[in-house]
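Read through the structure below, which is laid out as structure tokens, and then see the notes.
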Amino acid sequence: ERTTLIDPVCFLVLKILVQGHELQQVRHDTGMDPMEIAIKYFVMTELFVCNFVCRCFFWEESNLDMQDLEGTKALIVLESEDLIVPTYSVRSLVFAEQSRRAKAGKAPSETGLELLWVEDQPHAGFLLDMVANEDVCAAWPPSTDREASSNQSMGWGPWGEPQIRA
């Protein structure tokens with residue numbers, strides 16, 4: 001079993017909430033960059049999004065701990081300039097969990113946690129940067145023969161994208 005977490009908001013949800021509250025308290029947008037302005041408006045002040053987040057989103061059920069990934073191979077992709085996900089804190093969490101698993105007798109390559117750090121990119125910035133995009137795609141583990149043959153028989157490519165046939 002394996003999973004890939006790209007810009008995972010599910011780690012440290014409480015820290016994200018505190019940072020969001022601090023951002024919401026900013027009265028003037030002069031000191032914020034365009035990404036922060038967009039986040040402030042669409043996530044924290046737009047009426048219907050606020051209604052959904054306040055009434056329909058259960059924060060305590062949305063947090064994921066590193067221990068929850070025990071027994072699962074996970075690739076975690078983080079970007080250094082992310083304003084939504086506290087990437088430096090999540091990176092420290094990954095290193096601490098790798099260390100804990102190594103102390104439990106696993107070799108560093110067998111801990112199941114792999115971290116890909118994308119330098120100088122904002123949240124989801126690798127999607128627009130071709131070099132960073134290729135690095136992220138190259139880090140994905142190759143699919144097994146069974147998964148590849150299953151995907152191809154259903155008309156899916158090696159990365160799970162639908163194949164368009166003429």
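Ordering of the structure tokens sets the chain letters (A, B, ...); residue numbers start at 1 within each chain; ligands are numbered from 1 in the order shown.
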
Running DSSP on the backbone, which parts of stretch 53-146 of chain A land in strand (DSSP E), as number ranges by chain? A: 73-79, 113-118

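Of the residues listed (A:Thr87, A:Leu75, A:Asp135, A:Lys106), A:Leu75 shows the shortest atom-to-atom separation from A:Thr4; distances use only C-alpha atoms.
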
Residue neighbourhood stretch 54-69 of chain A, 6 Å, only C-alpha atoms, exclusion window fewer than 2 positions, as a list in words: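 Non-adjacent residues within range: Cys10, Phe11, Val13, Cys50, Asn51, Phe52 and Thr72 of chain A.
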
Go ahead and write the residues just picked, N, CA and C atoms, as a PDB file, in the first residue's frame.
```
ATOM      1  N   CYS A  10      -3.411  18.274   5.600  1.00  0.00           N
ATOM      2  CA  CYS A  10      -3.929  17.419   6.668  1.00  0.00           C
ATOM      3  C   CYS A  10      -2.993  17.300   7.865  1.00  0.00           C
ATOM      4  N   PHE A  11      -1.725  17.694   7.740  1.00  0.00           N
ATOM      5  CA  PHE A  11      -0.811  17.681   8.874  1.00  0.00           C
ATOM      6  C   PHE A  11      -0.865  19.038   9.568  1.00  0.00           C
ATOM      7  N   VAL A  13      -3.156  20.680  11.347  1.00  0.00           N
ATOM      8  CA  VAL A  13      -4.337  21.480  11.027  1.00  0.00           C
ATOM      9  C   VAL A  13      -4.514  22.624  12.026  1.00  0.00           C
ATOM     10  N   CYS A  50     -16.888  30.525   4.057  1.00  0.00           N
ATOM     11  CA  CYS A  50     -16.828  30.573   5.530  1.00  0.00           C
ATOM     12  C   CYS A  50     -17.933  29.734   6.151  1.00  0.00           C
ATOM     13  N   ASN A  51     -19.131  29.813   5.595  1.00  0.00           N
ATOM     14  CA  ASN A  51     -20.249  29.019   6.098  1.00  0.00           C
ATOM     15  C   ASN A  51     -19.930  27.533   6.003  1.00  0.00           C
ATOM     16  N   PHE A  52     -19.411  27.108   4.859  1.00  0.00           N
ATOM     17  CA  PHE A  52     -19.072  25.694   4.689  1.00  0.00           C
ATOM     18  C   PHE A  52     -17.991  25.270   5.681  1.00  0.00           C
ATOM     19  N   THR A  72       2.364   2.094   5.584  1.00  0.00           N
ATOM     20  CA  THR A  72       2.048   2.616   4.260  1.00  0.00           C
ATOM     21  C   THR A  72       3.266   3.358   3.725  1.00  0.00           C
TER      22      THR A  72
END
```

Nearest-residue call for A:Gly125, choices A:Glu79, A:Tyr41, A:Val9, A:Glu46, using only C-alpha atoms: A:Glu79

As a PDB file with all heavy atoms, in the first residue's frame, please: all residues of stretch 36-100 of chain A that backbone DSSP puts in alpha helix (DSSP H).
```pdb
ATOM      1  N   GLU A  36      -1.613  35.578  -0.563  1.00  0.00           N
ATOM      2  CA  GLU A  36      -2.210  35.803   0.748  1.00  0.00           C
ATOM      3  C   GLU A  36      -3.541  36.540   0.628  1.00  0.00           C
ATOM      4  O   GLU A  36      -4.487  36.249   1.350  1.00  0.00           O
ATOM      5  CB  GLU A  36      -1.249  36.599   1.638  1.00  0.00           C
ATOM      6  CG  GLU A  36      -0.048  35.801   2.095  1.00  0.00           C
ATOM      7  CD  GLU A  36       0.958  36.648   2.840  1.00  0.00           C
ATOM      8  OE1 GLU A  36       1.125  37.840   2.481  1.00  0.00           O
ATOM      9  OE2 GLU A  36       1.584  36.128   3.770  1.00  0.00           O
ATOM     10  N   ILE A  37      -3.632  37.499  -0.293  1.00  0.00           N
ATOM     11  CA  ILE A  37      -4.888  38.224  -0.499  1.00  0.00           C
ATOM     12  C   ILE A  37      -5.969  37.263  -0.980  1.00  0.00           C
ATOM     13  O   ILE A  37      -7.109  37.299  -0.505  1.00  0.00           O
ATOM     14  CB  ILE A  37      -4.686  39.385  -1.494  1.00  0.00           C
ATOM     15  CG1 ILE A  37      -3.789  40.449  -0.872  1.00  0.00           C
ATOM     16  CG2 ILE A  37      -6.028  39.987  -1.906  1.00  0.00           C
ATOM     17  CD1 ILE A  37      -3.327  41.524  -1.842  1.00  0.00           C
ATOM     18  N   ALA A  38      -5.614  36.387  -1.936  1.00  0.00           N
ATOM     19  CA  ALA A  38      -6.586  35.416  -2.455  1.00  0.00           C
ATOM     20  C   ALA A  38      -7.040  34.453  -1.357  1.00  0.00           C
ATOM     21  O   ALA A  38      -8.236  34.167  -1.230  1.00  0.00           O
ATOM     22  CB  ALA A  38      -5.985  34.635  -3.616  1.00  0.00           C
ATOM     23  N   ILE A  39      -6.106  33.984  -0.545  1.00  0.00           N
ATOM     24  CA  ILE A  39      -6.458  33.077   0.550  1.00  0.00           C
ATOM     25  C   ILE A  39      -7.371  33.795   1.541  1.00  0.00           C
ATOM     26  O   ILE A  39      -8.387  33.247   1.978  1.00  0.00           O
ATOM     27  CB  ILE A  39      -5.187  32.562   1.264  1.00  0.00           C
ATOM     28  CG1 ILE A  39      -4.399  31.642   0.340  1.00  0.00           C
ATOM     29  CG2 ILE A  39      -5.555  31.823   2.553  1.00  0.00           C
ATOM     30  CD1 ILE A  39      -3.009  31.347   0.838  1.00  0.00           C
ATOM     31  N   LEU A  47     -18.469  34.680   2.086  1.00  0.00           N
ATOM     32  CA  LEU A  47     -19.548  34.222   2.952  1.00  0.00           C
ATOM     33  C   LEU A  47     -19.832  32.726   2.838  1.00  0.00           C
ATOM     34  O   LEU A  47     -19.908  32.024   3.846  1.00  0.00           O
ATOM     35  CB  LEU A  47     -20.821  35.022   2.662  1.00  0.00           C
ATOM     36  CG  LEU A  47     -22.049  34.627   3.486  1.00  0.00           C
ATOM     37  CD1 LEU A  47     -21.792  34.883   4.958  1.00  0.00           C
ATOM     38  CD2 LEU A  47     -23.258  35.391   2.996  1.00  0.00           C
ATOM     39  N   PHE A  48     -19.995  32.222   1.646  1.00  0.00           N
ATOM     40  CA  PHE A  48     -20.407  30.832   1.491  1.00  0.00           C
ATOM     41  C   PHE A  48     -19.277  29.856   1.828  1.00  0.00           C
ATOM     42  O   PHE A  48     -19.518  28.781   2.367  1.00  0.00           O
ATOM     43  CB  PHE A  48     -20.964  30.596   0.085  1.00  0.00           C
ATOM     44  CG  PHE A  48     -22.212  31.395  -0.156  1.00  0.00           C
ATOM     45  CD1 PHE A  48     -22.178  32.532  -0.930  1.00  0.00           C
ATOM     46  CD2 PHE A  48     -23.406  31.038   0.457  1.00  0.00           C
ATOM     47  CE1 PHE A  48     -23.321  33.289  -1.133  1.00  0.00           C
ATOM     48  CE2 PHE A  48     -24.557  31.787   0.270  1.00  0.00           C
ATOM     49  CZ  PHE A  48     -24.516  32.911  -0.530  1.00  0.00           C
ATOM     50  N   VAL A  49     -18.032  30.236   1.521  1.00  0.00           N
ATOM     51  CA  VAL A  49     -16.900  29.385   1.902  1.00  0.00           C
ATOM     52  C   VAL A  49     -16.771  29.362   3.422  1.00  0.00           C
ATOM     53  O   VAL A  49     -16.579  28.303   4.027  1.00  0.00           O
ATOM     54  CB  VAL A  49     -15.590  29.866   1.235  1.00  0.00           C
ATOM     55  CG1 VAL A  49     -14.402  29.097   1.760  1.00  0.00           C
ATOM     56  CG2 VAL A  49     -15.691  29.741  -0.280  1.00  0.00           C
ATOM     57  N   CYS A  50     -16.888  30.525   4.057  1.00  0.00           N
ATOM     58  CA  CYS A  50     -16.828  30.573   5.530  1.00  0.00           C
ATOM     59  C   CYS A  50     -17.933  29.734   6.151  1.00  0.00           C
ATOM     60  O   CYS A  50     -17.700  29.026   7.130  1.00  0.00           O
ATOM     61  CB  CYS A  50     -16.940  32.013   6.022  1.00  0.00           C
ATOM     62  SG  CYS A  50     -15.463  32.976   5.772  1.00  0.00           S
ATOM     63  N   ASN A  51     -19.131  29.813   5.595  1.00  0.00           N
ATOM     64  CA  ASN A  51     -20.249  29.019   6.098  1.00  0.00           C
ATOM     65  C   ASN A  51     -19.930  27.533   6.003  1.00  0.00           C
ATOM     66  O   ASN A  51     -20.151  26.772   6.947  1.00  0.00           O
ATOM     67  CB  ASN A  51     -21.522  29.350   5.319  1.00  0.00           C
ATOM     68  CG  ASN A  51     -22.723  28.625   5.863  1.00  0.00           C
ATOM     69  OD1 ASN A  51     -22.838  28.407   7.061  1.00  0.00           O
ATOM     70  ND2 ASN A  51     -23.626  28.243   4.997  1.00  0.00           N
ATOM     71  N   PHE A  52     -19.411  27.108   4.859  1.00  0.00           N
ATOM     72  CA  PHE A  52     -19.072  25.694   4.689  1.00  0.00           C
ATOM     73  C   PHE A  52     -17.991  25.270   5.681  1.00  0.00           C
ATOM     74  O   PHE A  52     -18.107  24.236   6.340  1.00  0.00           O
ATOM     75  CB  PHE A  52     -18.599  25.417   3.257  1.00  0.00           C
ATOM     76  CG  PHE A  52     -18.050  24.037   3.092  1.00  0.00           C
ATOM     77  CD1 PHE A  52     -18.898  22.951   2.981  1.00  0.00           C
ATOM     78  CD2 PHE A  52     -16.685  23.818   3.077  1.00  0.00           C
ATOM     79  CE1 PHE A  52     -18.399  21.672   2.855  1.00  0.00           C
ATOM     80  CE2 PHE A  52     -16.175  22.542   2.948  1.00  0.00           C
ATOM     81  CZ  PHE A  52     -17.036  21.468   2.831  1.00  0.00           C
ATOM     82  N   VAL A  53     -16.935  26.070   5.774  1.00  0.00           N
ATOM     83  CA  VAL A  53     -15.812  25.706   6.648  1.00  0.00           C
ATOM     84  C   VAL A  53     -16.253  25.663   8.109  1.00  0.00           C
ATOM     85  O   VAL A  53     -15.876  24.761   8.854  1.00  0.00           O
ATOM     86  CB  VAL A  53     -14.633  26.688   6.445  1.00  0.00           C
ATOM     87  CG1 VAL A  53     -13.565  26.496   7.497  1.00  0.00           C
ATOM     88  CG2 VAL A  53     -14.036  26.499   5.053  1.00  0.00           C
ATOM     89  N   CYS A  54     -17.076  26.602   8.515  1.00  0.00           N
ATOM     90  CA  CYS A  54     -17.508  26.650   9.919  1.00  0.00           C
ATOM     91  C   CYS A  54     -18.520  25.564  10.270  1.00  0.00           C
ATOM     92  O   CYS A  54     -18.507  25.030  11.365  1.00  0.00           O
ATOM     93  CB  CYS A  54     -18.083  28.020  10.245  1.00  0.00           C
ATOM     94  SG  CYS A  54     -16.859  29.321  10.249  1.00  0.00           S
ATOM     95  N   ARG A  55     -19.419  25.231   9.353  1.00  0.00           N
ATOM     96  CA  ARG A  55     -20.510  24.313   9.675  1.00  0.00           C
ATOM     97  C   ARG A  55     -20.299  22.876   9.215  1.00  0.00           C
ATOM     98  O   ARG A  55     -20.810  21.952   9.833  1.00  0.00           O
ATOM     99  CB  ARG A  55     -21.810  24.830   9.080  1.00  0.00           C
ATOM    100  CG  ARG A  55     -22.280  26.102   9.719  1.00  0.00           C
ATOM    101  CD  ARG A  55     -23.545  26.580   9.045  1.00  0.00           C
ATOM    102  NE  ARG A  55     -23.983  27.836   9.623  1.00  0.00           N
ATOM    103  CZ  ARG A  55     -25.075  27.955  10.349  1.00  0.00           C
ATOM    104  NH1 ARG A  55     -25.837  26.929  10.575  1.00  0.00           N
ATOM    105  NH2 ARG A  55     -25.397  29.121  10.835  1.00  0.00           N
ATOM    106  N   CYS A  56     -19.581  22.694   8.132  1.00  0.00           N
ATOM    107  CA  CYS A  56     -19.544  21.367   7.503  1.00  0.00           C
ATOM    108  C   CYS A  56     -18.174  20.704   7.521  1.00  0.00           C
ATOM    109  O   CYS A  56     -18.013  19.623   6.960  1.00  0.00           O
ATOM    110  CB  CYS A  56     -20.022  21.475   6.056  1.00  0.00           C
ATOM    111  SG  CYS A  56     -21.660  22.187   5.900  1.00  0.00           S
ATOM    112  N   TRP A  59     -12.776  19.750  11.932  1.00  0.00           N
ATOM    113  CA  TRP A  59     -11.326  19.890  12.006  1.00  0.00           C
ATOM    114  C   TRP A  59     -10.671  18.726  12.730  1.00  0.00           C
ATOM    115  O   TRP A  59      -9.616  18.246  12.324  1.00  0.00           O
ATOM    116  CB  TRP A  59     -10.978  21.210  12.704  1.00  0.00           C
ATOM    117  CG  TRP A  59     -11.449  22.393  11.939  1.00  0.00           C
ATOM    118  CD1 TRP A  59     -12.534  23.163  12.226  1.00  0.00           C
ATOM    119  CD2 TRP A  59     -10.899  22.914  10.738  1.00  0.00           C
ATOM    120  NE1 TRP A  59     -12.679  24.150  11.278  1.00  0.00           N
ATOM    121  CE2 TRP A  59     -11.685  24.021  10.358  1.00  0.00           C
ATOM    122  CE3 TRP A  59      -9.822  22.569   9.950  1.00  0.00           C
ATOM    123  CZ2 TRP A  59     -11.414  24.778   9.224  1.00  0.00           C
ATOM    124  CZ3 TRP A  59      -9.556  23.320   8.818  1.00  0.00           C
ATOM    125  CH2 TRP A  59     -10.346  24.398   8.469  1.00  0.00           C
ATOM    126  N   GLU A  60     -11.280  18.276  13.804  1.00  0.00           N
ATOM    127  CA  GLU A  60     -10.649  17.203  14.591  1.00  0.00           C
ATOM    128  C   GLU A  60     -10.568  15.897  13.808  1.00  0.00           C
ATOM    129  O   GLU A  60      -9.725  15.052  14.087  1.00  0.00           O
ATOM    130  CB  GLU A  60     -11.384  17.005  15.914  1.00  0.00           C
ATOM    131  CG  GLU A  60     -12.808  16.488  15.790  1.00  0.00           C
ATOM    132  CD  GLU A  60     -13.856  17.553  15.507  1.00  0.00           C
ATOM    133  OE1 GLU A  60     -13.529  18.743  15.410  1.00  0.00           O
ATOM    134  OE2 GLU A  60     -15.025  17.165  15.372  1.00  0.00           O
ATOM    135  N   GLU A  61     -11.433  15.701  12.827  1.00  0.00           N
ATOM    136  CA  GLU A  61     -11.399  14.484  12.013  1.00  0.00           C
ATOM    137  C   GLU A  61     -10.503  14.639  10.796  1.00  0.00           C
ATOM    138  O   GLU A  61     -10.257  13.671  10.083  1.00  0.00           O
ATOM    139  CB  GLU A  61     -12.816  14.127  11.557  1.00  0.00           C
ATOM    140  CG  GLU A  61     -13.733  13.783  12.698  1.00  0.00           C
ATOM    141  CD  GLU A  61     -15.172  13.580  12.250  1.00  0.00           C
ATOM    142  OE1 GLU A  61     -15.430  13.624  11.029  1.00  0.00           O
ATOM    143  OE2 GLU A  61     -16.026  13.375  13.119  1.00  0.00           O
ATOM    144  N   SER A  62     -10.022  15.840  10.545  1.00  0.00           N
ATOM    145  CA  SER A  62      -9.250  16.109   9.336  1.00  0.00           C
ATOM    146  C   SER A  62      -7.747  16.058   9.563  1.00  0.00           C
ATOM    147  O   SER A  62      -6.985  16.130   8.608  1.00  0.00           O
ATOM    148  CB  SER A  62      -9.619  17.485   8.792  1.00  0.00           C
ATOM    149  OG  SER A  62     -10.993  17.521   8.530  1.00  0.00           O
ATOM    150  N   THR A  87       5.185  24.155   5.748  1.00  0.00           N
ATOM    151  CA  THR A  87       6.050  23.112   5.201  1.00  0.00           C
ATOM    152  C   THR A  87       7.293  22.833   6.042  1.00  0.00           C
ATOM    153  O   THR A  87       7.714  21.686   6.134  1.00  0.00           O
ATOM    154  CB  THR A  87       6.472  23.454   3.768  1.00  0.00           C
ATOM    155  OG1 THR A  87       7.056  24.757   3.737  1.00  0.00           O
ATOM    156  CG2 THR A  87       5.283  23.416   2.839  1.00  0.00           C
ATOM    157  N   TYR A  88       7.868  23.851   6.649  1.00  0.00           N
ATOM    158  CA  TYR A  88       9.065  23.607   7.459  1.00  0.00           C
ATOM    159  C   TYR A  88       8.710  22.767   8.690  1.00  0.00           C
ATOM    160  O   TYR A  88       9.478  21.893   9.096  1.00  0.00           O
ATOM    161  CB  TYR A  88       9.728  24.932   7.851  1.00  0.00           C
ATOM    162  CG  TYR A  88      10.430  25.579   6.677  1.00  0.00           C
ATOM    163  CD1 TYR A  88       9.772  26.494   5.873  1.00  0.00           C
ATOM    164  CD2 TYR A  88      11.741  25.249   6.359  1.00  0.00           C
ATOM    165  CE1 TYR A  88      10.405  27.074   4.782  1.00  0.00           C
ATOM    166  CE2 TYR A  88      12.385  25.827   5.269  1.00  0.00           C
ATOM    167  CZ  TYR A  88      11.713  26.730   4.486  1.00  0.00           C
ATOM    168  OH  TYR A  88      12.337  27.291   3.405  1.00  0.00           O
ATOM    169  N   SER A  89       7.549  23.005   9.257  1.00  0.00           N
ATOM    170  CA  SER A  89       7.104  22.207  10.399  1.00  0.00           C
ATOM    171  C   SER A  89       6.761  20.779   9.980  1.00  0.00           C
ATOM    172  O   SER A  89       7.085  19.826  10.684  1.00  0.00           O
ATOM    173  CB  SER A  89       5.882  22.859  11.054  1.00  0.00           C
ATOM    174  OG  SER A  89       6.199  24.140  11.523  1.00  0.00           O
ATOM    175  N   VAL A  90       6.107  20.635   8.827  1.00  0.00           N
ATOM    176  CA  VAL A  90       5.776  19.291   8.337  1.00  0.00           C
ATOM    177  C   VAL A  90       7.055  18.533   7.998  1.00  0.00           C
ATOM    178  O   VAL A  90       7.176  17.339   8.280  1.00  0.00           O
ATOM    179  CB  VAL A  90       4.827  19.361   7.122  1.00  0.00           C
ATOM    180  CG1 VAL A  90       4.617  17.984   6.510  1.00  0.00           C
ATOM    181  CG2 VAL A  90       3.489  19.968   7.524  1.00  0.00           C
ATOM    182  N   ARG A  91       8.027  19.221   7.425  1.00  0.00           N
ATOM    183  CA  ARG A  91       9.314  18.578   7.122  1.00  0.00           C
ATOM    184  C   ARG A  91       9.978  18.085   8.405  1.00  0.00           C
ATOM    185  O   ARG A  91      10.491  16.960   8.456  1.00  0.00           O
ATOM    186  CB  ARG A  91      10.225  19.545   6.375  1.00  0.00           C
ATOM    187  CG  ARG A  91      11.547  18.910   5.953  1.00  0.00           C
ATOM    188  CD  ARG A  91      12.362  19.815   5.089  1.00  0.00           C
ATOM    189  NE  ARG A  91      12.869  20.960   5.837  1.00  0.00           N
ATOM    190  CZ  ARG A  91      13.799  21.790   5.392  1.00  0.00           C
ATOM    191  NH1 ARG A  91      14.289  21.637   4.187  1.00  0.00           N
ATOM    192  NH2 ARG A  91      14.204  22.784   6.125  1.00  0.00           N
ATOM    193  N   SER A  92       9.931  18.896   9.451  1.00  0.00           N
ATOM    194  CA  SER A  92      10.490  18.467  10.738  1.00  0.00           C
ATOM    195  C   SER A  92       9.750  17.253  11.277  1.00  0.00           C
ATOM    196  O   SER A  92      10.360  16.345  11.857  1.00  0.00           O
ATOM    197  CB  SER A  92      10.421  19.605  11.756  1.00  0.00           C
ATOM    198  OG  SER A  92      11.217  20.680  11.347  1.00  0.00           O
ATOM    199  N   LEU A  93       8.423  17.228  11.100  1.00  0.00           N
ATOM    200  CA  LEU A  93       7.625  16.068  11.514  1.00  0.00           C
ATOM    201  C   LEU A  93       8.056  14.803  10.768  1.00  0.00           C
ATOM    202  O   LEU A  93       8.167  13.730  11.360  1.00  0.00           O
ATOM    203  CB  LEU A  93       6.150  16.319  11.218  1.00  0.00           C
ATOM    204  CG  LEU A  93       5.257  16.796  12.330  1.00  0.00           C
ATOM    205  CD1 LEU A  93       3.861  17.061  11.803  1.00  0.00           C
ATOM    206  CD2 LEU A  93       5.199  15.819  13.455  1.00  0.00           C
ATOM    207  N   VAL A  94       8.275  14.930   9.470  1.00  0.00           N
ATOM    208  CA  VAL A  94       8.702  13.773   8.662  1.00  0.00           C
ATOM    209  C   VAL A  94      10.053  13.284   9.145  1.00  0.00           C
ATOM    210  O   VAL A  94      10.256  12.072   9.341  1.00  0.00           O
ATOM    211  CB  VAL A  94       8.744  14.126   7.158  1.00  0.00           C
ATOM    212  CG1 VAL A  94       9.377  13.000   6.356  1.00  0.00           C
ATOM    213  CG2 VAL A  94       7.346  14.428   6.644  1.00  0.00           C
ATOM    214  N   PHE A  95      11.000  14.199   9.372  1.00  0.00           N
ATOM    215  CA  PHE A  95      12.327  13.797   9.853  1.00  0.00           C
ATOM    216  C   PHE A  95      12.237  13.113  11.221  1.00  0.00           C
ATOM    217  O   PHE A  95      12.912  12.112  11.468  1.00  0.00           O
ATOM    218  CB  PHE A  95      13.269  14.998   9.929  1.00  0.00           C
ATOM    219  CG  PHE A  95      13.683  15.545   8.589  1.00  0.00           C
ATOM    220  CD1 PHE A  95      14.076  16.866   8.468  1.00  0.00           C
ATOM    221  CD2 PHE A  95      13.667  14.756   7.448  1.00  0.00           C
ATOM    222  CE1 PHE A  95      14.458  17.385   7.243  1.00  0.00           C
ATOM    223  CE2 PHE A  95      14.039  15.265   6.209  1.00  0.00           C
ATOM    224  CZ  PHE A  95      14.447  16.584   6.115  1.00  0.00           C
ATOM    225  N   ALA A  96      11.402  13.647  12.105  1.00  0.00           N
ATOM    226  CA  ALA A  96      11.240  13.045  13.431  1.00  0.00           C
ATOM    227  C   ALA A  96      10.631  11.644  13.328  1.00  0.00           C
ATOM    228  O   ALA A  96      11.053  10.718  14.032  1.00  0.00           O
ATOM    229  CB  ALA A  96      10.370  13.939  14.315  1.00  0.00           C
ATOM    230  N   GLU A  97       9.646  11.468  12.451  1.00  0.00           N
ATOM    231  CA  GLU A  97       9.029  10.152  12.285  1.00  0.00           C
ATOM    232  C   GLU A  97       9.998   9.167  11.646  1.00  0.00           C
ATOM    233  O   GLU A  97      10.044   7.998  12.030  1.00  0.00           O
ATOM    234  CB  GLU A  97       7.744  10.269  11.460  1.00  0.00           C
ATOM    235  CG  GLU A  97       7.007   8.976  11.275  1.00  0.00           C
ATOM    236  CD  GLU A  97       6.482   8.360  12.564  1.00  0.00           C
ATOM    237  OE1 GLU A  97       6.427   9.044  13.599  1.00  0.00           O
ATOM    238  OE2 GLU A  97       6.127   7.161  12.529  1.00  0.00           O
ATOM    239  N   GLN A  98      10.803   9.624  10.688  1.00  0.00           N
ATOM    240  CA  GLN A  98      11.818   8.753  10.098  1.00  0.00           C
ATOM    241  C   GLN A  98      12.816   8.314  11.159  1.00  0.00           C
ATOM    242  O   GLN A  98      13.212   7.148  11.211  1.00  0.00           O
ATOM    243  CB  GLN A  98      12.548   9.466   8.954  1.00  0.00           C
ATOM    244  CG  GLN A  98      11.755   9.584   7.684  1.00  0.00           C
ATOM    245  CD  GLN A  98      12.461  10.424   6.626  1.00  0.00           C
ATOM    246  OE1 GLN A  98      13.247  11.312   6.938  1.00  0.00           O
ATOM    247  NE2 GLN A  98      12.157  10.142   5.368  1.00  0.00           N
ATOM    248  N   SER A  99      13.195   9.245  12.030  1.00  0.00           N
ATOM    249  CA  SER A  99      14.128   8.933  13.113  1.00  0.00           C
ATOM    250  C   SER A  99      13.508   7.930  14.093  1.00  0.00           C
ATOM    251  O   SER A  99      14.159   6.980  14.525  1.00  0.00           O
ATOM    252  CB  SER A  99      14.523  10.215  13.834  1.00  0.00           C
ATOM    253  OG  SER A  99      15.318   9.938  14.949  1.00  0.00           O
ATOM    254  N   ARG A 100      12.232   8.145  14.436  1.00  0.00           N
ATOM    255  CA  ARG A 100      11.549   7.228  15.356  1.00  0.00           C
ATOM    256  C   ARG A 100      11.475   5.824  14.776  1.00  0.00           C
ATOM    257  O   ARG A 100      11.743   4.838  15.458  1.00  0.00           O
ATOM    258  CB  ARG A 100      10.140   7.739  15.657  1.00  0.00           C
ATOM    259  CG  ARG A 100       9.395   6.905  16.703  1.00  0.00           C
ATOM    260  CD  ARG A 100       7.935   7.293  16.806  1.00  0.00           C
ATOM    261  NE  ARG A 100       7.144   6.897  15.655  1.00  0.00           N
ATOM    262  CZ  ARG A 100       6.684   5.653  15.450  1.00  0.00           C
ATOM    263  NH1 ARG A 100       6.958   4.684  16.295  1.00  0.00           N
ATOM    264  NH2 ARG A 100       5.954   5.382  14.382  1.00  0.00           N
TER     265      ARG A 100
END
```

Quick one: distance from atom CA of A:Asp120 to atom CA of A:Ala132 in Å, one decimal?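 Atom-to-atom, atom CA of A:Asp120 to atom CA of A:Ala132, that is 9.7 Å.
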